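Shown next, in structure tokens, is the structure this report addresses.
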There are 2 protein chains.
Amino acid sequence: MTYCVGLCLQDGLVLLADTRTNAGPDNIASFGKLSVVAPGDRVIAMMSAGNLAVTQAVTARVIDAVGLDPNEPINTLLTVKSMYEAAELVGAAVKRVYQSVAPSYNMQSFMFDASIILAGQIEGDRMRMFHIYAAGNFIEATPDTPFFQIGETKYGKPILDRVARYDTPLDGAVKLALISMDSTLRSNFSVGLPADLLVYHRDTQRIEVQHRISEDDEYFQQVRTAWSEALRRAYRDLPAPPWMS
Amino acid sequence: MTYCVGLCLQDGLVLLADTRTNAGPDNIASFGKLSVVAPGDRVIAMMSAGNLAVTQAVTARVIDAVGLDPNEPINTLLTVKSMYEAAELVGAAVKRVYQSVAPSYNMQSFMFDASIILAGQIEGDRMRMFHIYAAGNFIEATPDTPFFQIGETKYGKPILDRVARYDTPLDGAVKLALISMDSTLRSNFSVGLPADLLVYHRDTQRIEVQHRISEDDEYFQQVRTAWSEALRRAYRDLPAPPWMS
């Protein structure tokens, strides 16, 4: 499984991705699911969930131009002119990979499964975040719904539903993403650390924070402990139910 | 959808079930999913999730003896001698209903879906809680894992994973069940109030609390508000991430 969350906010972007993959409980591994290009005029990041062979093939195609038709012009996340074009590029790559594996997947009753959060900004264009589906089509985050999740989304959703807003500051959004990740880690063993964090300030075209959070990360440990204690305290402090003798 | 949670604890049982059913977003209705028998020598409660036609047929069979073969002796939750026998009775009823609908369900590519939490105590027997599956087999809660959930289980699971323990007192367990229900209500519109609460003190063979919680329930409103505020405060009080300038 996987858990990735992206927040597209007034001040910028916060993206957080776990690194665990599993093909059954006896086949657990660690693979980065966050890919970033930041050549100077743009910051574009992708987080992916689903079949790793599929999502790595998509990433190779849109970042390293692997598997392109030699007759077509080379177009990657480094050359696209806008974030919308970037989303179209990734969507098209998902469709291409689908076409290449669909016959064998169908024969083997294997499900094609890929979802991608693509976010960033190119100089002269506005900052945007997209959720790209296995069919290659996509939706965009708006101030009404400023976050997307992919993979094991439910355990970490309640805190986002309650608190995440378009005007949440970036440091607050980092806290929310970490709390959301912590809830997911605790309830689903197929989501695991380390986690990759990316923070981007709007209109800067450079990465503000790119940090790998491991089990012994001091700040994440503080967050986990403080959050756990706060929940227990909140539970204890609730008034007693009035219905009991 | 549905959300039901049952806690089987040192001091007794706490069961909470929502009442919303939906056959598509344009067909929302309210049906009780908690059934209780409490004739004096026993308290046995059932909560159900899945196809309502299936679970109501099971309930009719095990409580009202509807649909039994006239040649078999009448056996219901009111006559079984032990909780284990009660679980077997309910499991057998699930299998019977499955046999009666499987041909049409298969032809209509409709999935048979039923899960039941059965909990209670019969005089002379110990208090027990079972999770009965669509196949009619079941598992029992133990002190190691003292709660079961059915239906839309994920949103409400983190707080139980963190706090619920076998020695949690019953009033605490009521708070936990309500917090868990609140998180689920907020994140999934196909789970809805009113909710039915049942509390049972071990070895009493009588219902301690049976209460329907509606939108305007004063205590539940307090819990929702206090919990929401506590989460926001906990989020605010977390130290700022050290990685940002």
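We name chains A, B, ... following the order of the structure tokens; residues begin at 1 in each chain, and ligands are numbered from 1 as shown.
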Would you list the contacts of B:Leu176 as a PDB file with C-alpha atoms, in the first residue's frame, taking every protein, DNA or RNA residue within 8 Å and counting only C-alpha atoms, but skipping same-chain residues closer than 2 positions in sequence?
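Output below, filename result-v3.pdb:
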```pdb
ATOM      1  CA  TYR A 235     -10.689  11.827  25.461  1.00  0.00           C
TER       2      TYR A 235
ATOM      3  CA  ILE B 159      -8.951   6.604  17.999  1.00  0.00           C
ATOM      4  CA  LEU B 160      -9.842   3.014  18.931  1.00  0.00           C
ATOM      5  CA  VAL B 163      -7.030   4.321  23.253  1.00  0.00           C
ATOM      6  CA  ALA B 164      -9.381   1.324  23.494  1.00  0.00           C
ATOM      7  CA  GLY B 172     -14.847   5.836  28.643  1.00  0.00           C
ATOM      8  CA  ALA B 173     -15.849   3.283  26.042  1.00  0.00           C
ATOM      9  CA  VAL B 174     -19.058   5.227  25.363  1.00  0.00           C
ATOM     10  CA  LEU B 178     -19.051   8.413  20.067  1.00  0.00           C
ATOM     11  CA  ILE B 179     -15.740   9.958  18.952  1.00  0.00           C
ATOM     12  CA  SER B 180     -15.270   7.098  16.507  1.00  0.00           C
TER      13      SER B 180
END
```
Can you build me a table of chain A residues sitting at most 9 Å from chain B, with the closest atom pair per residue and its distance in Å to one decimal, using only C-alpha atoms, sorted by chain and residue number, as a tab-separated table?
```
residue	atom	partner	partner_atom	distance
A:Lys154	CA	B:Tyr155	CA	5.7
A:Tyr155	CA	B:Tyr155	CA	5.3
A:Gly156	CA	B:Tyr155	CA	7.9
A:Lys157	CA	B:Tyr155	CA	7.3
A:Pro158	CA	B:Ser183	CA	6.1
A:Ile159	CA	B:Leu231	CA	8.0
A:Asp161	CA	B:Ser187	CA	7.0
A:Arg162	CA	B:Ser228	CA	7.5
A:Val163	CA	B:Arg232	CA	6.9
A:Asp171	CA	B:Pro241	CA	6.3
A:Gly172	CA	B:Ala240	CA	7.6
A:Val174	CA	B:Pro241	CA	7.2
A:Lys175	CA	B:Pro241	CA	7.2
A:Leu176	CA	B:Tyr235	CA	7.4
A:Ile179	CA	B:Tyr235	CA	8.4
A:Ser183	CA	B:Pro158	CA	6.1
A:Thr184	CA	B:Pro158	CA	8.0
A:Arg186	CA	B:Pro158	CA	7.4
A:Ser187	CA	B:Pro158	CA	6.3
A:Val199	CA	B:Met244	CA	8.5
A:Glu208	CA	B:Met244	CA	7.2
A:Val209	CA	B:Trp243	CA	6.6
A:Gln210	CA	B:Trp243	CA	8.8
A:His211	CA	B:Trp243	CA	8.0
A:Tyr219	CA	B:Pro241	CA	6.9
A:Phe220	CA	B:Pro241	CA	8.7
A:Gln222	CA	B:Pro239	CA	8.2
A:Val223	CA	B:Leu238	CA	6.5
A:Ala226	CA	B:Leu238	CA	6.9
A:Trp227	CA	B:Ala234	CA	6.6
A:Ser228	CA	B:Arg162	CA	7.5
A:Ala230	CA	B:Ala234	CA	5.8
A:Leu231	CA	B:Leu231	CA	7.3
A:Arg232	CA	B:Val163	CA	6.9
A:Arg233	CA	B:Ala230	CA	8.8
A:Ala234	CA	B:Ala230	CA	5.8
A:Tyr235	CA	B:Lys175	CA	7.2
A:Arg236	CA	B:Gly172	CA	7.7
A:Asp237	CA	B:Ala226	CA	8.8
A:Leu238	CA	B:Val223	CA	6.5
A:Pro239	CA	B:Val223	CA	7.7
A:Ala240	CA	B:Asp171	CA	6.4
A:Pro241	CA	B:Asp171	CA	6.3
A:Pro242	CA	B:Tyr219	CA	7.3
A:Trp243	CA	B:Val209	CA	6.6
A:Met244	CA	B:Val209	CA	6.6
A:Ser245	CA	B:Glu208	CA	8.1
```
Residues of the last selection are to be written out with C-alpha atoms, as a short mmCIF file (atom, residue, chain, number, x, y, z; two decimals), in the first residue's frame.
```cif
data_model
loop_
_atom_site.label_atom_id
_atom_site.label_comp_id
_atom_site.auth_asym_id
_atom_site.auth_seq_id
_atom_site.Cartn_x
_atom_site.Cartn_y
_atom_site.Cartn_z
CA LYS A 154 -9.13 6.95 5.00
CA TYR A 155 -7.23 6.78 8.28
CA GLY A 156 -5.53 10.09 7.62
CA LYS A 157 -8.54 11.93 6.22
CA PRO A 158 -10.49 12.99 9.34
CA ILE A 159 -7.85 15.48 10.54
CA ASP A 161 -11.43 17.22 6.82
CA ARG A 162 -11.50 19.04 10.12
CA VAL A 163 -8.60 21.44 9.86
CA ASP A 171 4.13 25.11 8.61
CA GLY A 172 0.61 24.23 9.77
CA VAL A 174 3.34 20.25 7.36
CA LYS A 175 1.97 19.45 10.82
CA LEU A 176 -1.34 18.30 9.33
CA ILE A 179 -0.49 13.90 11.78
CA SER A 183 -2.70 8.03 11.87
CA THR A 184 -2.24 6.01 8.69
CA ARG A 186 -0.64 3.31 13.09
CA SER A 187 -3.66 1.68 11.48
CA VAL A 199 7.55 22.10 0.78
CA GLU A 208 11.92 25.21 0.20
CA VAL A 209 12.21 21.88 2.03
CA GLN A 210 12.98 18.40 0.78
CA HIS A 211 13.45 16.14 3.75
CA TYR A 219 10.60 16.33 15.15
CA PHE A 220 8.33 13.57 13.84
CA GLN A 222 7.74 14.88 18.97
CA VAL A 223 4.67 15.22 16.76
CA ALA A 226 2.41 15.15 21.47
CA TRP A 227 -0.48 14.16 19.21
CA SER A 228 -1.03 10.87 20.97
CA ALA A 230 -3.30 15.32 23.21
CA LEU A 231 -5.84 12.78 21.94
CA ARG A 232 -5.73 10.82 25.16
CA ARG A 233 -6.12 14.00 27.18
CA ALA A 234 -8.99 15.18 25.00
CA TYR A 235 -10.69 11.83 25.46
CA ARG A 236 -10.17 11.94 29.23
CA ASP A 237 -11.40 15.52 29.49
CA LEU A 238 -14.70 14.88 27.72
CA PRO A 239 -17.59 15.05 30.18
CA ALA A 240 -18.97 11.67 31.26
CA PRO A 241 -22.03 10.34 29.39
CA PRO A 242 -25.17 11.42 31.26
CA TRP A 243 -27.04 8.19 30.60
CA MET A 244 -25.15 5.93 32.97
CA SER A 245 -25.86 5.31 36.61
#
```
> Which is closer to B:Tyr84 than all the others in B:Arg126, B:Arg165, B:Arg96, B:Arg61, using only C-alpha atoms?
Replying inline: B:Arg126
>> Report, in Å to a single decimal, how far apart atom CA of A:Leu198 and atom CA of A:Val66 are.
In response: 24.9 Å
Using only C-alpha atoms, determine which residues lie at most 9 Å from stretch 15-22 of chain A, disregarding the query and same-chain residues fewer than 2 positions distant; provide the list as a PDB file with N, CA and C atoms, in the first residue's frame.
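Everything below was put into around.pdb:
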```pdb
ATOM      1  N   MET A   1       0.858  -1.180   0.000  1.00  0.00           N
ATOM      2  CA  MET A   1       0.000   0.000   0.000  1.00  0.00           C
ATOM      3  C   MET A   1       0.894   1.230   0.000  1.00  0.00           C
ATOM      4  N   THR A   2       0.270   2.366   0.090  1.00  0.00           N
ATOM      5  CA  THR A   2       0.957   3.636  -0.036  1.00  0.00           C
ATOM      6  C   THR A   2       0.085   4.665   0.653  1.00  0.00           C
ATOM      7  N   TYR A   3       0.698   5.692   1.201  1.00  0.00           N
ATOM      8  CA  TYR A   3      -0.093   6.857   1.549  1.00  0.00           C
ATOM      9  C   TYR A   3       0.652   8.110   1.131  1.00  0.00           C
ATOM     10  N   CYS A   4       0.015   8.912   0.291  1.00  0.00           N
ATOM     11  CA  CYS A   4       0.563  10.200  -0.110  1.00  0.00           C
ATOM     12  C   CYS A   4      -0.523  11.252   0.067  1.00  0.00           C
ATOM     13  N   VAL A   5      -0.109  12.419   0.543  1.00  0.00           N
ATOM     14  CA  VAL A   5      -1.041  13.531   0.678  1.00  0.00           C
ATOM     15  C   VAL A   5      -0.381  14.798   0.135  1.00  0.00           C
ATOM     16  N   GLY A   6      -1.141  15.572  -0.601  1.00  0.00           N
ATOM     17  CA  GLY A   6      -0.659  16.833  -1.133  1.00  0.00           C
ATOM     18  C   GLY A   6      -1.617  17.950  -0.786  1.00  0.00           C
ATOM     19  N   LEU A   7      -1.084  19.077  -0.315  1.00  0.00           N
ATOM     20  CA  LEU A   7      -1.911  20.250  -0.023  1.00  0.00           C
ATOM     21  C   LEU A   7      -1.470  21.386  -0.921  1.00  0.00           C
ATOM     22  N   CYS A   8      -2.424  21.976  -1.618  1.00  0.00           N
ATOM     23  CA  CYS A   8      -2.159  23.092  -2.528  1.00  0.00           C
ATOM     24  C   CYS A   8      -2.823  24.321  -1.932  1.00  0.00           C
ATOM     25  N   LEU A  13       2.879  24.705  -1.574  1.00  0.00           N
ATOM     26  CA  LEU A  13       2.569  23.275  -1.614  1.00  0.00           C
ATOM     27  C   LEU A  13       3.245  22.538  -0.466  1.00  0.00           C
ATOM     28  N   GLY A  24       1.999  -8.437  -1.051  1.00  0.00           N
ATOM     29  CA  GLY A  24       1.731  -9.435  -0.015  1.00  0.00           C
ATOM     30  C   GLY A  24       2.516  -9.097   1.237  1.00  0.00           C
ATOM     31  N   PRO A  25       2.041  -9.569   2.390  1.00  0.00           N
ATOM     32  CA  PRO A  25       2.689  -9.225   3.664  1.00  0.00           C
ATOM     33  C   PRO A  25       4.093  -9.819   3.797  1.00  0.00           C
ATOM     34  N   ASP A  26       4.450 -10.761   2.908  1.00  0.00           N
ATOM     35  CA  ASP A  26       5.786 -11.353   2.978  1.00  0.00           C
ATOM     36  C   ASP A  26       6.726 -10.720   1.963  1.00  0.00           C
ATOM     37  N   ASN A  27       6.268  -9.636   1.359  1.00  0.00           N
ATOM     38  CA  ASN A  27       7.128  -8.997   0.368  1.00  0.00           C
ATOM     39  C   ASN A  27       7.017  -7.486   0.517  1.00  0.00           C
ATOM     40  N   ILE A  28       7.686  -6.979   1.561  1.00  0.00           N
ATOM     41  CA  ILE A  28       7.643  -5.565   1.920  1.00  0.00           C
ATOM     42  C   ILE A  28       8.964  -4.924   1.490  1.00  0.00           C
ATOM     43  N   ALA A  29       8.889  -3.771   0.899  1.00  0.00           N
ATOM     44  CA  ALA A  29      10.128  -3.114   0.496  1.00  0.00           C
ATOM     45  C   ALA A  29       9.949  -1.603   0.612  1.00  0.00           C
ATOM     46  N   SER A  30      11.036  -0.894   0.376  1.00  0.00           N
ATOM     47  CA  SER A  30      10.993   0.558   0.469  1.00  0.00           C
ATOM     48  C   SER A  30      11.395   1.167  -0.868  1.00  0.00           C
ATOM     49  N   PHE A  31      10.501   1.954  -1.437  1.00  0.00           N
ATOM     50  CA  PHE A  31      10.753   2.636  -2.702  1.00  0.00           C
ATOM     51  C   PHE A  31      10.248   4.065  -2.584  1.00  0.00           C
ATOM     52  N   GLY A  32      11.039   5.017  -3.014  1.00  0.00           N
ATOM     53  CA  GLY A  32      10.578   6.398  -3.021  1.00  0.00           C
ATOM     54  C   GLY A  32       9.403   6.558  -3.980  1.00  0.00           C
ATOM     55  N   LYS A  33       8.404   7.295  -3.567  1.00  0.00           N
ATOM     56  CA  LYS A  33       7.237   7.527  -4.425  1.00  0.00           C
ATOM     57  C   LYS A  33       7.104   8.996  -4.782  1.00  0.00           C
ATOM     58  N   LEU A  34       8.058   9.778  -4.306  1.00  0.00           N
ATOM     59  CA  LEU A  34       8.063  11.202  -4.608  1.00  0.00           C
ATOM     60  C   LEU A  34       9.209  11.489  -5.575  1.00  0.00           C
ATOM     61  N   ALA A  45       6.578  18.193  -8.846  1.00  0.00           N
ATOM     62  CA  ALA A  45       6.718  16.984  -8.041  1.00  0.00           C
ATOM     63  C   ALA A  45       5.586  16.025  -8.364  1.00  0.00           C
ATOM     64  N   MET A  47       3.799  12.330  -6.900  1.00  0.00           N
ATOM     65  CA  MET A  47       3.723  11.235  -5.928  1.00  0.00           C
ATOM     66  C   MET A  47       2.812  10.181  -6.539  1.00  0.00           C
ATOM     67  N   SER A  48       3.143   8.915  -6.343  1.00  0.00           N
ATOM     68  CA  SER A  48       2.369   7.890  -7.026  1.00  0.00           C
ATOM     69  C   SER A  48       1.959   6.749  -6.105  1.00  0.00           C
ATOM     70  N   LEU A  52       3.762  -0.598  -8.677  1.00  0.00           N
ATOM     71  CA  LEU A  52       5.035   0.116  -8.764  1.00  0.00           C
ATOM     72  C   LEU A  52       5.623   0.034 -10.174  1.00  0.00           C
ATOM     73  N   ALA A 119       2.103  18.141  -8.759  1.00  0.00           N
ATOM     74  CA  ALA A 119       1.950  19.502  -8.259  1.00  0.00           C
ATOM     75  C   ALA A 119       3.198  20.307  -8.552  1.00  0.00           C
ATOM     76  N   VAL A 174       2.358  21.317   7.099  1.00  0.00           N
ATOM     77  CA  VAL A 174       3.340  20.246   7.364  1.00  0.00           C
ATOM     78  C   VAL A 174       2.896  19.443   8.586  1.00  0.00           C
ATOM     79  N   ALA A 177      -0.036  17.245   7.586  1.00  0.00           N
ATOM     80  CA  ALA A 177       0.385  16.103   6.766  1.00  0.00           C
ATOM     81  C   ALA A 177       1.043  15.035   7.639  1.00  0.00           C
ATOM     82  N   LEU A 178       1.831  15.459   8.618  1.00  0.00           N
ATOM     83  CA  LEU A 178       2.508  14.498   9.497  1.00  0.00           C
ATOM     84  C   LEU A 178       1.513  13.785  10.417  1.00  0.00           C
ATOM     85  N   MET A 181      -0.284  11.317   8.269  1.00  0.00           N
ATOM     86  CA  MET A 181       0.601  10.168   8.014  1.00  0.00           C
ATOM     87  C   MET A 181       0.693   9.286   9.252  1.00  0.00           C
ATOM     88  N   SER A 190       0.907  -1.642   6.046  1.00  0.00           N
ATOM     89  CA  SER A 190       1.462  -1.621   4.696  1.00  0.00           C
ATOM     90  C   SER A 190       1.795  -0.193   4.256  1.00  0.00           C
ATOM     91  N   VAL A 191       1.692   0.752   5.189  1.00  0.00           N
ATOM     92  CA  VAL A 191       2.203   2.104   4.958  1.00  0.00           C
ATOM     93  C   VAL A 191       3.369   2.271   5.933  1.00  0.00           C
ATOM     94  N   GLY A 192       4.511   2.763   5.457  1.00  0.00           N
ATOM     95  CA  GLY A 192       5.662   2.769   6.353  1.00  0.00           C
ATOM     96  C   GLY A 192       6.659   3.881   6.105  1.00  0.00           C
ATOM     97  N   LEU A 193       7.405   4.195   7.154  1.00  0.00           N
ATOM     98  CA  LEU A 193       8.486   5.170   7.063  1.00  0.00           C
ATOM     99  C   LEU A 193       9.687   4.537   6.360  1.00  0.00           C
ATOM    100  N   PRO A 194      10.651   5.314   5.875  1.00  0.00           N
ATOM    101  CA  PRO A 194      10.690   6.773   5.903  1.00  0.00           C
ATOM    102  C   PRO A 194       9.633   7.395   4.982  1.00  0.00           C
ATOM    103  N   ALA A 195       9.382   8.696   5.241  1.00  0.00           N
ATOM    104  CA  ALA A 195       8.449   9.443   4.406  1.00  0.00           C
ATOM    105  C   ALA A 195       9.204  10.627   3.800  1.00  0.00           C
ATOM    106  N   ASP A 196       8.799  10.984   2.605  1.00  0.00           N
ATOM    107  CA  ASP A 196       9.455  12.091   1.907  1.00  0.00           C
ATOM    108  C   ASP A 196       8.573  13.325   1.914  1.00  0.00           C
ATOM    109  N   LEU A 197       9.146  14.409   2.430  1.00  0.00           N
ATOM    110  CA  LEU A 197       8.411  15.665   2.548  1.00  0.00           C
ATOM    111  C   LEU A 197       8.964  16.687   1.565  1.00  0.00           C
ATOM    112  N   LEU A 198       8.063  17.382   0.916  1.00  0.00           N
ATOM    113  CA  LEU A 198       8.472  18.490   0.047  1.00  0.00           C
ATOM    114  C   LEU A 198       7.627  19.711   0.379  1.00  0.00           C
ATOM    115  N   VAL A 199       8.272  20.847   0.568  1.00  0.00           N
ATOM    116  CA  VAL A 199       7.547  22.099   0.780  1.00  0.00           C
ATOM    117  C   VAL A 199       7.997  23.093  -0.289  1.00  0.00           C
ATOM    118  N   TYR A 200       7.013  23.758  -0.882  1.00  0.00           N
ATOM    119  CA  TYR A 200       7.302  24.735  -1.932  1.00  0.00           C
ATOM    120  C   TYR A 200       6.541  26.025  -1.646  1.00  0.00           C
TER     121      TYR A 200
END
```
